[in-house]
file data_7.tsv (TSV, C-alpha atoms)
chain	number	residue	atom	x	y	z
A	171	MET	CA	0.00	0.00	0.00
A	172	ALA	CA	1.44	3.39	-1.01
A	173	SER	CA	2.12	5.94	1.69
A	174	ALA	CA	0.23	9.23	1.72
A	175	PRO	CA	2.91	11.80	0.89
A	176	LEU	CA	3.67	14.71	3.16
A	177	PRO	CA	3.00	18.13	1.62
A	178	HIS	CA	6.06	19.66	-0.02
A	179	GLU	CA	4.75	23.21	-0.45
A	180	PRO	CA	6.30	25.58	2.12
A	181	VAL	CA	3.79	27.04	4.54
A	182	THR	CA	4.14	30.70	5.49
A	183	PRO	CA	3.70	31.84	9.11
A	184	ASP	CA	0.39	33.50	8.22
A	185	GLN	CA	-0.86	30.37	6.46
A	186	ALA	CA	0.09	28.28	9.49
A	187	LEU	CA	-1.78	30.63	11.81
A	188	ALA	CA	-4.83	30.60	9.53
A	189	ARG	CA	-4.74	26.79	9.59
A	190	LEU	CA	-4.88	26.79	13.40
A	191	LYS	CA	-7.77	29.24	13.43
A	192	GLU	CA	-9.68	27.16	10.92
A	193	GLY	CA	-8.94	24.03	12.95
A	194	ASN	CA	-10.40	25.62	16.07
A	195	ARG	CA	-13.46	26.65	14.06
A	196	ARG	CA	-13.94	23.01	13.01
A	197	HIS	CA	-13.51	21.92	16.64
A	198	LEU	CA	-16.20	24.35	17.76
A	199	SER	CA	-18.57	23.11	15.06
A	200	GLY	CA	-18.02	19.48	16.06
A	201	GLU	CA	-16.31	18.40	12.83
A	202	ALA	CA	-14.06	15.35	13.18
A	203	ILE	CA	-10.42	15.26	12.11
A	204	HIS	CA	-10.27	14.04	8.50
A	205	HIS	CA	-9.46	10.32	8.38
A	206	ARG	CA	-6.57	11.04	5.99
A	207	MET	CA	-4.70	12.80	8.81
A	208	THR	CA	-4.72	9.73	11.08
A	209	SER	CA	-4.69	6.90	8.54
A	210	GLN	CA	-2.24	4.05	8.16
A	211	GLU	CA	-0.87	5.75	5.04
A	212	ARG	CA	-0.26	8.93	6.99
A	213	ARG	CA	1.54	7.00	9.74
A	214	ALA	CA	3.75	5.29	7.16
A	215	ALA	CA	4.75	8.62	5.61
A	216	LEU	CA	5.50	10.16	8.99
A	217	ALA	CA	7.65	7.20	9.99
A	218	GLN	CA	10.27	8.57	7.57
A	219	GLU	CA	10.12	12.29	8.43
A	220	GLN	CA	8.07	14.97	10.10
A	221	ARG	CA	7.26	18.50	8.96
A	222	PRO	CA	5.00	20.10	11.58
A	223	PHE	CA	3.62	23.49	10.65
A	224	CYS	CA	3.52	24.76	14.24
A	225	VAL	CA	5.47	24.48	17.48
A	226	LEU	CA	2.88	24.70	20.23
A	227	VAL	CA	3.90	25.46	23.80
A	228	GLY	CA	0.99	24.43	25.99
A	229	CYS	CA	-0.06	23.41	29.47
A	230	SER	CA	-0.17	19.80	30.64
A	231	ASP	CA	-3.82	20.25	31.70
A	232	SER	CA	-5.79	17.20	30.54
A	233	ARG	CA	-8.62	19.46	29.35
A	234	VAL	CA	-6.40	21.22	26.79
A	235	PRO	CA	-5.31	18.64	24.14
A	236	PRO	CA	-3.85	20.72	21.29
A	237	GLU	CA	-4.55	18.34	18.39
A	238	VAL	CA	-8.20	18.14	19.41
A	239	LEU	CA	-8.91	21.81	19.96
A	240	PHE	CA	-7.13	22.76	16.71
A	241	GLY	CA	-8.55	19.87	14.66
A	242	CYS	CA	-5.08	18.62	13.71
A	243	GLY	CA	-3.87	15.17	12.72
A	244	LEU	CA	-0.64	13.23	12.98
A	245	GLY	CA	2.55	15.15	12.26
A	246	GLU	CA	1.04	18.64	12.19
A	247	LEU	CA	1.93	20.01	15.64
A	248	PHE	CA	5.27	19.81	17.47
A	249	ILE	CA	4.04	20.06	21.05
A	250	VAL	CA	5.93	21.17	24.16
A	251	ARG	CA	3.77	20.73	27.28
A	252	ASN	CA	4.25	21.30	30.98
A	253	ALA	CA	2.18	22.72	33.82
A	254	GLY	CA	1.71	26.43	33.27
A	255	ASN	CA	3.21	26.37	29.73
A	256	VAL	CA	6.51	27.69	31.12
A	257	VAL	CA	9.68	27.68	29.05
A	258	ASP	CA	12.61	26.11	30.88
A	259	LEU	CA	15.83	24.78	29.33
A	260	ALA	CA	14.25	21.60	27.98
A	261	ALA	CA	11.27	23.48	26.58
A	262	MET	CA	13.51	26.10	24.96
A	263	GLY	CA	15.64	23.45	23.30
A	264	SER	CA	12.51	21.74	22.03
A	265	ILE	CA	11.17	25.00	20.58
A	266	GLU	CA	14.48	25.70	18.85
A	267	TYR	CA	14.56	22.16	17.47
A	268	GLY	CA	11.07	22.55	16.05
A	269	VAL	CA	11.95	25.83	14.34
A	270	VAL	CA	15.59	25.39	13.32
A	271	VAL	CA	15.70	21.67	12.52
A	272	LEU	CA	12.12	20.86	11.55
A	273	GLY	CA	11.41	24.23	9.93
A	274	ALA	CA	8.11	25.08	11.62
A	275	PRO	CA	7.08	28.62	10.60
A	276	LEU	CA	4.90	29.31	13.65
A	277	VAL	CA	5.30	29.17	17.43
A	278	VAL	CA	2.18	29.50	19.57
A	279	VAL	CA	2.29	29.88	23.36
A	280	LEU	CA	-1.10	28.66	24.59
A	281	GLY	CA	-2.43	29.48	28.04
A	282	HIS	CA	-5.90	28.56	29.21
A	283	GLU	CA	-8.73	29.58	31.48
A	284	ARG	CA	-8.49	28.52	35.15
A	285	CYS	CA	-4.92	27.22	34.87
A	286	GLY	CA	-3.94	25.39	38.07
A	287	ALA	CA	-0.25	26.24	37.82
A	288	VAL	CA	-1.00	29.94	37.41
A	289	GLN	CA	-3.48	29.72	40.29
A	290	ALA	CA	-0.71	28.25	42.45
A	291	ALA	CA	1.54	31.20	41.56
A	292	VAL	CA	-1.30	33.57	42.45
A	293	ASN	CA	-1.61	31.81	45.82
A	294	VAL	CA	2.11	32.28	46.46
A	295	VAL	CA	1.84	36.00	45.77
A	296	GLU	CA	-1.46	36.58	47.56
A	297	THR	CA	-1.22	34.27	50.60
A	298	ASP	CA	2.46	33.20	50.72
A	299	ALA	CA	1.38	29.63	49.95
A	300	THR	CA	4.00	26.87	49.75
A	301	TYR	CA	3.96	23.66	47.71
A	302	PRO	CA	5.73	20.32	48.23
A	303	GLY	CA	8.46	18.71	46.18
A	304	SER	CA	9.38	20.42	42.92
A	305	ILE	CA	6.02	22.11	42.45
A	306	GLY	CA	7.17	25.35	44.07
A	307	GLN	CA	10.20	25.59	41.82
A	308	MET	CA	8.09	24.78	38.78
A	309	ILE	CA	5.75	27.74	39.31
A	310	GLU	CA	8.47	30.28	40.17
A	311	PRO	CA	8.75	31.53	36.55
A	312	ILE	CA	5.03	32.39	36.60
A	313	ILE	CA	5.24	34.68	39.64
A	314	PRO	CA	6.47	37.78	37.70
A	315	ALA	CA	3.37	37.49	35.49
A	316	VAL	CA	1.15	37.49	38.58
A	317	LEU	CA	2.97	40.52	39.99
A	318	ARG	CA	2.49	42.37	36.69
A	319	ALA	CA	-1.20	41.47	36.54
A	320	ARG	CA	-1.73	42.54	40.18
A	321	ARG	CA	-0.68	46.10	39.35
A	322	ASP	CA	-4.06	46.55	37.67
A	323	GLY	CA	-5.99	45.53	40.78
A	324	PRO	CA	-7.43	42.34	42.29
A	325	ASP	CA	-10.33	41.79	39.87
A	326	ASN	CA	-10.01	38.72	37.63
A	327	LEU	CA	-6.42	38.28	38.81
A	328	LEU	CA	-6.18	34.66	37.67
A	329	ASP	CA	-7.37	35.42	34.12
A	330	ARG	CA	-5.07	38.42	33.81
A	331	SER	CA	-2.15	36.40	35.20
A	332	VAL	CA	-2.74	33.68	32.59
A	333	GLU	CA	-2.61	36.34	29.89
A	334	GLN	CA	0.51	38.00	31.33
A	335	ASN	CA	2.24	34.64	31.62
A	336	VAL	CA	1.64	34.02	27.90
A	337	LEU	CA	2.69	37.53	26.88
A	338	ARG	CA	5.91	37.40	28.91
A	339	ILE	CA	6.92	34.12	27.28
A	340	VAL	CA	6.08	35.43	23.81
A	341	ALA	CA	8.17	38.56	24.42
A	342	ARG	CA	11.09	36.42	25.55
A	343	LEU	CA	10.92	34.15	22.52
A	344	ARG	CA	10.56	37.09	20.13
A	345	ASN	CA	13.27	39.32	21.55
A	346	THR	CA	15.93	37.40	23.47
A	347	GLU	CA	16.35	33.92	22.00
A	348	GLN	CA	19.02	34.25	19.30
A	349	LEU	CA	18.07	31.20	17.24
A	350	LEU	CA	14.55	32.59	16.83
A	351	ILE	CA	15.41	36.20	15.99
A	352	GLU	CA	16.87	35.72	12.49
A	353	PRO	CA	13.96	33.64	11.12
A	354	GLN	CA	11.58	36.33	12.40
A	355	ARG	CA	13.59	39.08	10.69
A	356	GLU	CA	13.51	37.13	7.45
A	357	GLY	CA	9.74	36.59	7.66
A	358	ARG	CA	10.09	32.82	8.04
A	359	LEU	CA	8.77	32.67	11.61
A	360	LYS	CA	5.93	34.17	13.59
A	361	ILE	CA	5.54	33.86	17.39
A	362	VAL	CA	2.13	34.54	18.92
A	363	GLY	CA	0.28	33.96	22.17
A	364	ALA	CA	-3.18	32.49	22.66
A	365	ARG	CA	-5.68	31.58	25.36
A	366	TYR	CA	-8.08	28.62	25.37
A	367	ASP	CA	-11.51	29.04	26.93
A	368	LEU	CA	-12.47	25.90	28.82
A	369	ASP	CA	-16.14	26.83	28.84
A	370	ASP	CA	-16.81	27.34	25.14
A	371	GLY	CA	-13.78	25.71	23.47
A	372	SER	CA	-12.65	28.84	21.60
A	373	VAL	CA	-9.07	30.06	21.23
A	374	GLU	CA	-8.28	33.78	21.38
A	375	PHE	CA	-4.99	34.76	19.71
A	376	TYR	CA	-2.75	37.57	20.94
A	377	GLU	CA	-1.13	38.63	17.68

call {"tool": "encode", "arguments": {"input": "data_7.tsv", "output": "structure tokens"}}
result
Amino acid sequence: MASAPLPHEPVTPDQALARLKEGNRRHLSGEAIHHRMTSQERRAALAQEQRPFCVLVGCSDSRVPPEVLFGCGLGELFIVRNAGNVVDLAAMGSIEYGVVVLGAPLVVVLGHERCGAVQAAVNVVETDATYPGSIGQMIEPIIPAVLRARRDGPDNLLDRSVEQNVLRIVARLRNTEQLLIEPQREGRLKIVGARYDLDDGSVEFYE
């Protein structure tokens, strides 16, 4: 049986972003992922190489599966997940691999409504909460986002902290990571933030 070929046409950053938006629209309308994207032929083609069109930095939350909420199939997303969608050394290396080696033209940092890791960071700031094991260390990078969000007052602090956490990571990736700066200058890479709404399933992009 012949393998389903991978697409050879280069995808621009804007085309990649439009593909994600259309995928979320299909998710909201209840459309299933096309069988071609999960078929045996597709698996056979991907066994030889991968060409994801997006590096997605997301949270480990079980309610936020990227392929599902963006209507994507096998080999389309290069996913980096951890609690709070933070970017540590391993995550940064994975992002760079996805862009520099695999050639993905888009990086999306995806936060989500009612994130538990961000809530934990809010608790540290607001009530001096402590957490066992490595959990406290894990949420430390989120605390500056909470402090920034708190400047605007206590209302909706968790939601605003989720947004600030995404925006801080996006700014870092855009402006300080050397391997990502040149492809952006040349128009080969776009880095954007986004937020997933647990209640209605929609994704809002911070472009």

call {"tool": "atom_distance", "arguments": {"input": "data_7.tsv", "atom1": "atom CA of Arg342 of chain A", "atom2": "atom CA of Asp369 of chain A"}}
result
29.1 Å

call {"tool": "residues_around", "arguments": {"input": "data_7.tsv", "residues": "Lys191 of chain A", "least_positions_apart": "3", "cutoff": "8 Å", "atoms": "only C-alpha atoms", "output": "mmCIF file with C-alpha atoms, in the coordinates of the input"}}
result
data_model
loop_
_atom_site.group_PDB
_atom_site.id
_atom_site.type_symbol
_atom_site.label_atom_id
_atom_site.label_comp_id
_atom_site.auth_asym_id
_atom_site.auth_seq_id
_atom_site.Cartn_x
_atom_site.Cartn_y
_atom_site.Cartn_z
ATOM 1 C CA LEU A 187 -1.780 30.630 11.810
ATOM 2 C CA ALA A 188 -4.830 30.600 9.530
ATOM 3 C CA ASN A 194 -10.400 25.620 16.070
ATOM 4 C CA ARG A 195 -13.460 26.650 14.060
ATOM 5 C CA PHE A 240 -7.130 22.760 16.710
ATOM 6 C CA VAL A 373 -9.070 30.060 21.230
#

call {"tool": "residues_around", "arguments": {"input": "data_7.tsv", "residues": "Gln334 of chain A", "least_positions_apart": "4", "cutoff": "8 Å", "atoms": "only C-alpha atoms", "output": "number ranges by chain"}}
result
A: 315-316, 318-319, 330, 338

call {"tool": "residues_around", "arguments": {"input": "data_7.tsv", "residues": "Gly357 of chain A", "least_positions_apart": "6", "cutoff": "10 Å", "atoms": "all atoms listed in the file", "output": "ChimeraX atom specification"}}
result
/A:182-184,275

call {"tool": "closest_atom_pairs", "arguments": {"input": "data_7.tsv", "of": "segment 283-342 of chain A", "to": "segment 247-258 of chain A", "cutoff": "10 Å", "atoms": "only C-alpha atoms", "output": "CSV"}}
result
residue,atom,partner,partner_atom,distance
A:Cys285,CA,A:Gly254,CA,6.9
A:Gly286,CA,A:Gly254,CA,7.5
A:Ala287,CA,A:Gly254,CA,5.0
A:Val288,CA,A:Gly254,CA,6.1
A:Gln289,CA,A:Gly254,CA,9.3
A:Ala290,CA,A:Gly254,CA,9.7
A:Ala291,CA,A:Gly254,CA,9.6
A:Ile305,CA,A:Ala253,CA,9.5
A:Met308,CA,A:Ala253,CA,8.0
A:Ile309,CA,A:Gly254,CA,7.4
A:Glu310,CA,A:Val256,CA,9.6
A:Pro311,CA,A:Val256,CA,7.0
A:Ile312,CA,A:Val256,CA,7.4
A:Val332,CA,A:Gly254,CA,8.5
A:Asn335,CA,A:Val256,CA,8.2
A:Val336,CA,A:Asn255,CA,8.0
A:Arg338,CA,A:Val256,CA,10.0
A:Ile339,CA,A:Val257,CA,7.2
A:Arg342,CA,A:Val257,CA,9.5

call {"tool": "closest_residue", "arguments": {"input": "data_7.tsv", "among": "A:Cys242, A:Asn326, A:Leu276, A:Ala299", "to": "Arg358 of chain A", "atoms": "all atoms listed in the file"}}
result
A:Leu276

call {"tool": "closest_residue", "arguments": {"input": "data_7.tsv", "among": "A:Gly243, A:Glu201, A:Leu272, A:Glu266", "to": "Gln220 of chain A", "atoms": "only C-alpha atoms"}}
result
A:Leu272

call {"tool": "atom_distance", "arguments": {"input": "data_7.tsv", "atom1": "atom CA of Leu349 of chain A", "atom2": "atom CA of Val270 of chain A"}}
result
7.4 Å

call {"tool": "closest_residue", "arguments": {"input": "data_7.tsv", "among": "A:Val294, A:Cys224, A:Ala261, A:Val340", "to": "Gly273 of chain A", "atoms": "all atoms listed in the file"}}
result
A:Cys224

call {"tool": "atom_distance", "arguments": {"input": "data_7.tsv", "atom1": "atom CA of Val271 of chain A", "atom2": "atom CA of Leu239 of chain A"}}
result
25.7 Å
